[in-house]
Every structure is written in C-alpha cells, then in structure tokens.
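File shown: structure-v3.cif (mmCIF, C-alpha atoms).
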```
data_model
loop_
_atom_site.label_atom_id
_atom_site.label_comp_id
_atom_site.auth_asym_id
_atom_site.auth_seq_id
_atom_site.Cartn_x
_atom_site.Cartn_y
_atom_site.Cartn_z
CA MET O 1 -20.43 9.19 59.44
CA TYR O 2 -22.07 9.69 56.02
CA LYS O 3 -18.91 11.42 54.75
CA LEU O 4 -16.77 8.52 55.94
CA ILE O 5 -18.97 5.95 54.19
CA ARG O 6 -19.07 8.06 51.03
CA THR O 7 -15.28 8.32 51.07
CA LEU O 8 -14.60 4.62 51.77
CA LEU O 9 -17.24 3.14 49.45
CA PRO O 10 -15.37 3.87 46.17
CA VAL O 11 -12.13 2.52 47.66
CA LEU O 12 -13.85 -0.66 48.82
CA ALA O 13 -15.58 -1.09 45.44
CA ALA O 14 -12.25 -0.69 43.61
CA MET O 15 -10.61 -3.28 45.87
CA ILE O 16 -13.40 -5.79 45.25
CA ALA O 17 -13.34 -5.19 41.48
CA THR O 18 -9.55 -5.64 41.39
CA THR O 19 -9.75 -8.83 43.44
CA VAL O 20 -12.48 -10.35 41.27
CA SER O 21 -10.80 -9.47 37.96
CA ALA O 22 -7.39 -10.62 39.22
CA GLN O 23 -8.82 -14.07 39.96
CA SER O 24 -10.14 -14.73 36.47
CA VAL O 25 -8.36 -17.18 34.21
CA SER O 26 -8.65 -16.18 30.56
CA TRP O 27 -8.65 -18.79 27.81
CA LYS O 28 -7.82 -18.53 24.12
CA SER O 29 -7.58 -21.08 21.35
CA SER O 30 -5.51 -21.52 18.23
CA VAL O 31 -5.45 -24.16 15.50
CA GLN O 32 -2.30 -25.62 13.96
CA HIS O 33 -2.34 -27.60 10.70
CA LEU O 34 -0.19 -30.70 11.17
CA ASP O 35 -0.51 -32.61 7.87
CA GLY O 36 -3.20 -33.68 5.45
CA GLN O 37 -6.50 -33.25 7.27
CA THR O 38 -4.99 -33.45 10.76
CA TYR O 39 -5.01 -30.39 13.03
CA ARG O 40 -4.07 -29.59 16.58
CA ILE O 41 -6.21 -27.34 18.74
CA VAL O 42 -4.19 -25.52 21.39
CA LEU O 43 -5.92 -23.99 24.40
CA GLU O 44 -3.98 -21.45 26.45
CA ALA O 45 -4.96 -20.51 29.99
CA SER O 46 -3.58 -17.20 31.31
CA ILE O 47 -3.43 -17.46 35.10
CA PRO O 48 -3.03 -14.23 37.08
CA ALA O 49 -0.39 -13.99 39.83
CA PRO O 50 -0.30 -15.04 42.64
CA TRP O 51 -2.83 -17.74 41.72
CA HIS O 52 -2.10 -21.24 40.43
CA MET O 53 -4.36 -23.64 38.55
CA TYR O 54 -4.36 -27.40 39.03
CA ASP O 55 -3.30 -29.77 36.28
CA MET O 56 -5.58 -32.49 34.89
CA GLY O 57 -5.08 -34.79 37.91
CA PRO O 58 -7.24 -36.65 38.76
CA TYR O 59 -7.19 -36.01 42.52
CA GLU O 60 -9.63 -38.13 44.47
CA GLY O 61 -10.31 -36.31 47.72
CA GLY O 62 -8.15 -33.41 46.58
CA PRO O 63 -8.51 -30.21 44.58
CA ASN O 64 -10.67 -29.89 41.48
CA ALA O 65 -8.39 -30.86 38.61
CA THR O 66 -8.66 -28.98 35.33
CA THR O 67 -11.01 -30.84 33.00
CA ILE O 68 -11.33 -30.25 29.28
CA THR O 69 -13.91 -32.12 27.26
CA PHE O 70 -13.94 -31.73 23.49
CA THR O 71 -16.99 -32.55 21.39
CA ALA O 72 -16.51 -32.81 17.63
CA GLY O 73 -19.19 -31.41 15.35
CA ALA O 74 -20.13 -32.78 11.94
CA GLY O 75 -17.09 -33.15 9.69
CA ALA O 76 -14.56 -33.52 12.52
CA THR O 77 -13.20 -36.50 14.47
CA LEU O 78 -11.18 -36.29 17.67
CA GLU O 79 -7.91 -38.25 17.67
CA GLY O 80 -6.66 -39.35 21.06
CA GLY O 81 -7.31 -37.42 24.25
CA VAL O 82 -6.48 -34.04 25.67
CA GLU O 83 -2.79 -33.56 26.42
CA GLN O 84 -1.04 -31.05 28.66
CA LEU O 85 1.66 -29.27 26.66
CA SER O 86 2.87 -27.40 29.74
CA THR O 87 4.69 -29.35 32.42
CA PRO O 88 3.05 -28.80 35.80
CA GLU O 89 5.09 -28.00 38.89
CA ARG O 90 4.70 -31.00 41.19
CA HIS O 91 4.75 -30.67 44.98
CA TYR O 92 3.28 -32.13 48.15
CA ASP O 93 0.23 -30.14 49.25
CA LYS O 94 -0.27 -30.18 53.03
CA THR O 95 -3.90 -29.08 52.74
CA PHE O 96 -4.90 -32.05 50.58
CA GLU O 97 -2.15 -34.37 51.90
CA MET O 98 -1.11 -35.50 48.43
CA GLU O 99 1.25 -34.67 45.60
CA ILE O 100 -0.38 -32.37 43.08
CA GLY O 101 0.58 -30.55 39.88
CA THR O 102 -0.06 -26.86 39.33
CA PHE O 103 0.43 -24.25 36.64
CA ALA O 104 1.32 -20.60 37.27
CA GLY O 105 1.20 -17.85 34.68
CA LYS O 106 0.25 -19.95 31.67
CA ALA O 107 -0.87 -23.47 30.82
CA LEU O 108 -1.21 -25.08 27.38
CA PHE O 109 -3.44 -28.02 26.46
CA THR O 110 -3.91 -29.70 23.08
CA GLN O 111 -6.29 -31.97 21.18
CA ARG O 112 -5.72 -33.55 17.76
CA VAL O 113 -8.59 -33.39 15.27
CA LYS O 114 -9.08 -34.85 11.80
CA LEU O 115 -11.33 -33.07 9.30
CA ALA O 116 -13.59 -34.88 6.87
CA ALA O 117 -15.13 -31.66 5.54
CA GLU O 118 -13.85 -28.26 4.46
CA LYS O 119 -15.31 -26.63 7.58
CA ALA O 120 -16.14 -28.01 10.99
CA ALA O 121 -16.39 -26.90 14.59
CA VAL O 122 -15.27 -28.45 17.86
CA THR O 123 -16.67 -27.44 21.24
CA ALA O 124 -14.51 -27.40 24.35
CA GLN O 125 -16.02 -27.57 27.84
CA LEU O 126 -13.47 -26.23 30.36
CA GLU O 127 -13.55 -26.41 34.15
CA TRP O 128 -10.78 -25.30 36.49
CA MET O 129 -10.01 -24.06 39.99
CA ILE O 130 -7.40 -21.58 41.13
CA CYS O 131 -5.77 -21.16 44.53
CA ASP O 132 -3.08 -19.07 46.12
CA ASP O 133 -0.99 -19.98 49.17
CA THR O 134 -3.87 -19.47 51.60
CA SER O 135 -7.21 -19.92 49.81
CA CYS O 136 -9.02 -21.30 46.78
CA MET O 137 -11.71 -19.81 44.58
CA PRO O 138 -14.78 -21.86 43.67
CA PRO O 139 -14.38 -23.85 40.44
CA GLU O 140 -15.20 -21.98 37.23
CA ASP O 141 -16.27 -23.24 33.83
CA THR O 142 -16.77 -22.01 30.31
CA GLU O 143 -17.43 -23.31 26.82
CA MET O 144 -15.55 -22.43 23.65
CA THR O 145 -16.33 -23.19 20.03
CA ILE O 146 -13.30 -23.61 17.78
CA ASP O 147 -13.86 -23.30 14.04
CA LEU O 148 -11.69 -25.42 11.76
CA THR O 149 -11.25 -24.76 8.05
CA ALA O 150 -9.25 -26.97 5.71
CA PRO O 151 -6.70 -25.03 3.68
CA VAL O 152 -7.50 -24.63 0.00
CA SER O 153 -4.94 -26.61 -1.95
CA TYR O 154 -2.90 -24.76 -4.56
CA THR O 155 -4.03 -27.06 -7.38
CA HIS O 156 -7.70 -26.55 -6.42
CA LEU O 157 -7.15 -22.78 -6.33
CA ARG O 158 -5.31 -22.82 -9.68
CA ALA O 159 -8.09 -24.84 -11.36
CA HIS O 160 -10.66 -22.39 -10.00
CA GLU O 161 -8.70 -19.37 -11.35
CA THR O 162 -8.35 -21.06 -14.79
CA SER O 163 -12.06 -21.78 -15.08
CA GLN O 164 -12.88 -18.14 -14.36
CA ASP O 165 -10.56 -16.95 -17.13
CA LEU O 166 -12.44 -18.89 -19.81
#
```
For this file, produce the structure as structure tokens.
Amino acid sequence: MYKLIRTLLPVLAAMIATTVSAQSVSWKSSVQHLDGQTYRIVLEASIPAPWHMYDMGPYEGGPNATTITFTAGAGATLEGGVEQLSTPERHYDKTFEMEIGTFAGKALFTQRVKLAAEKAAVTAQLEWMICDDTSCMPPEDTEMTIDLTAPVSYTHLRAHETSQDL
C-alpha cells in the first residue's frame, strides 16, 4: 500500500499543480502616447484554454463580471471610463438564464489618462472570474501600478544639450 501511495502521490501533485496554473489569468499593461499629455493604458488578460472570462457586464443575478477600477495618483487625471477593446462573444447562458459576454484566449481593456506632471502613476484594481463548460472558479483579484512618464520634447532636450556645452 505504501508503494502505491508513494507512486501515485507525485502524479496527483503534478495534476493539481497543472490544474491550478492552467486556471490563472495573467495580466500585463502597456501605455500608448496619444497626443499632447494624453495617454492610453491598455490592460491585456491572457486567459488559458478551455476557460473563458466574463466581460464587464453588469449581470445582476448572474456571473461575476470583470471589474476594473483605476485610481489616478498625483499628476494624473482619468478621462472617461474603462472601455473593452476586445469584442466579447455573446450567447445565452442556460446556467444563469441570461445573455452574457465572454472572452477566450485574450481580452483587452483601456483607460485614457491625462498627465499634468512629468511622472505619475495609476493604480488598477482588477477582479474577474473564469469558467469552462461545466464549472467556474472563484473570483480572483489583483492590483497593478502603471507608471506614466511624459516624453521629453526635442526642443527641451536640445536646450539641455546646449547648456551643457557652454
């Protein structure tokens, strides 16, 4: 019996580790300069197969919709609200008895920000839930800090180089 347990334990542990890691959504951020002091933060969720993540809903009495809450630090101002760049797949869900939107593989979300300083930070609170065709995982959440830096203008850089030459 001991040999059987010793043989099966590593296999069982590997299966659990694979299942847990396969269910994790990973998030990354990028910043795009639009014009002047306006930027766009893009959040990308990588969703492992065969799982799907719900869109931003809201779904009263349904699944936990993805929620993203940005908080601007000193020197930054949020413009508008969070937008979904990815188009969710819409379908009627028999479990929740309502039409819902889901993302598979990847989902992109964006927030416009205006800078009033050379450097600022914005915090993003993220909460989401993933499901497959038969079950759902408990909601997860995380927090990200996105650093924003205004580009140095060419004329400012040129004036700085000239003053050092003197």
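The list of residues with at least one atom within 8 Å of region 137-144 of chain O, based on all atoms listed in the file and without residues fewer than 4 positions apart in the same chain, reads O:Gln23, O:Asn64, O:Thr123, O:Ala124, O:Gln125, O:Leu126, O:Glu127, O:Trp128, O:Met129, O:Ile130, O:Cys131.
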Write the selection just made, keeping C-alpha atoms, as a short mmCIF file (atom, residue, chain, number, x, y, z; two decimals), in the coordinates of the input?
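Wrote it out as selection25.cif, contents follow:
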```cif
data_model
loop_
_atom_site.label_atom_id
_atom_site.label_comp_id
_atom_site.auth_asym_id
_atom_site.auth_seq_id
_atom_site.Cartn_x
_atom_site.Cartn_y
_atom_site.Cartn_z
CA GLN O 23 -8.82 -14.07 39.96
CA ASN O 64 -10.67 -29.89 41.48
CA THR O 123 -16.67 -27.44 21.24
CA ALA O 124 -14.51 -27.40 24.35
CA GLN O 125 -16.02 -27.57 27.84
CA LEU O 126 -13.47 -26.23 30.36
CA GLU O 127 -13.55 -26.41 34.15
CA TRP O 128 -10.78 -25.30 36.49
CA MET O 129 -10.01 -24.06 39.99
CA ILE O 130 -7.40 -21.58 41.13
CA CYS O 131 -5.77 -21.16 44.53
#
```
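As for CA of Asp133 (chain O) and CA of Phe109 (chain O), they are spaced 24.2 Å apart.
Excluding Gly81 (chain O) itself and same-chain residues fewer than 6 positions from it, the residues having an atom within 12 Å of it are Arg40, Ile41, Met56, Thr67, Ile68, Thr69, Phe70, Thr71, Phe109, Thr110, Gln111, Arg112 and Val113 of chain O, counting all atoms listed in the file.
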Restrict the selected residues to C-alpha atoms and save them as a PDB file, in the coordinates of the input.
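Contents of again-v3.pdb, freshly written:
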```
ATOM      1  CA  ARG O  40      -4.070 -29.590  16.580  1.00  0.00           C
ATOM      2  CA  ILE O  41      -6.210 -27.340  18.740  1.00  0.00           C
ATOM      3  CA  MET O  56      -5.580 -32.490  34.890  1.00  0.00           C
ATOM      4  CA  THR O  67     -11.010 -30.840  33.000  1.00  0.00           C
ATOM      5  CA  ILE O  68     -11.330 -30.250  29.280  1.00  0.00           C
ATOM      6  CA  THR O  69     -13.910 -32.120  27.260  1.00  0.00           C
ATOM      7  CA  PHE O  70     -13.940 -31.730  23.490  1.00  0.00           C
ATOM      8  CA  THR O  71     -16.990 -32.550  21.390  1.00  0.00           C
ATOM      9  CA  PHE O 109      -3.440 -28.020  26.460  1.00  0.00           C
ATOM     10  CA  THR O 110      -3.910 -29.700  23.080  1.00  0.00           C
ATOM     11  CA  GLN O 111      -6.290 -31.970  21.180  1.00  0.00           C
ATOM     12  CA  ARG O 112      -5.720 -33.550  17.760  1.00  0.00           C
ATOM     13  CA  VAL O 113      -8.590 -33.390  15.270  1.00  0.00           C
TER      14      VAL O 113
END
```
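Nearest residue to Pro58 (chain O) among O:Val42, O:Ser24, O:Asp35, O:Ile100 is O:Ile100, counting only C-alpha atoms.
Every residue that the PyMOL selection byres ((chain O and resi 98) around 10) selects in this file is listed here: Tyr59, Glu60, Gly61, Gly62, Pro63, His91, Tyr92, Asp93, Lys94, Thr95, Phe96, Glu97, Glu99 and Ile100 of chain O.
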| Which of these, O:Thr66, O:Glu44, O:Arg90, O:Lys114, has the shortest distance to Leu78 (chain O) once you count only C-alpha atoms? | O:Lys114
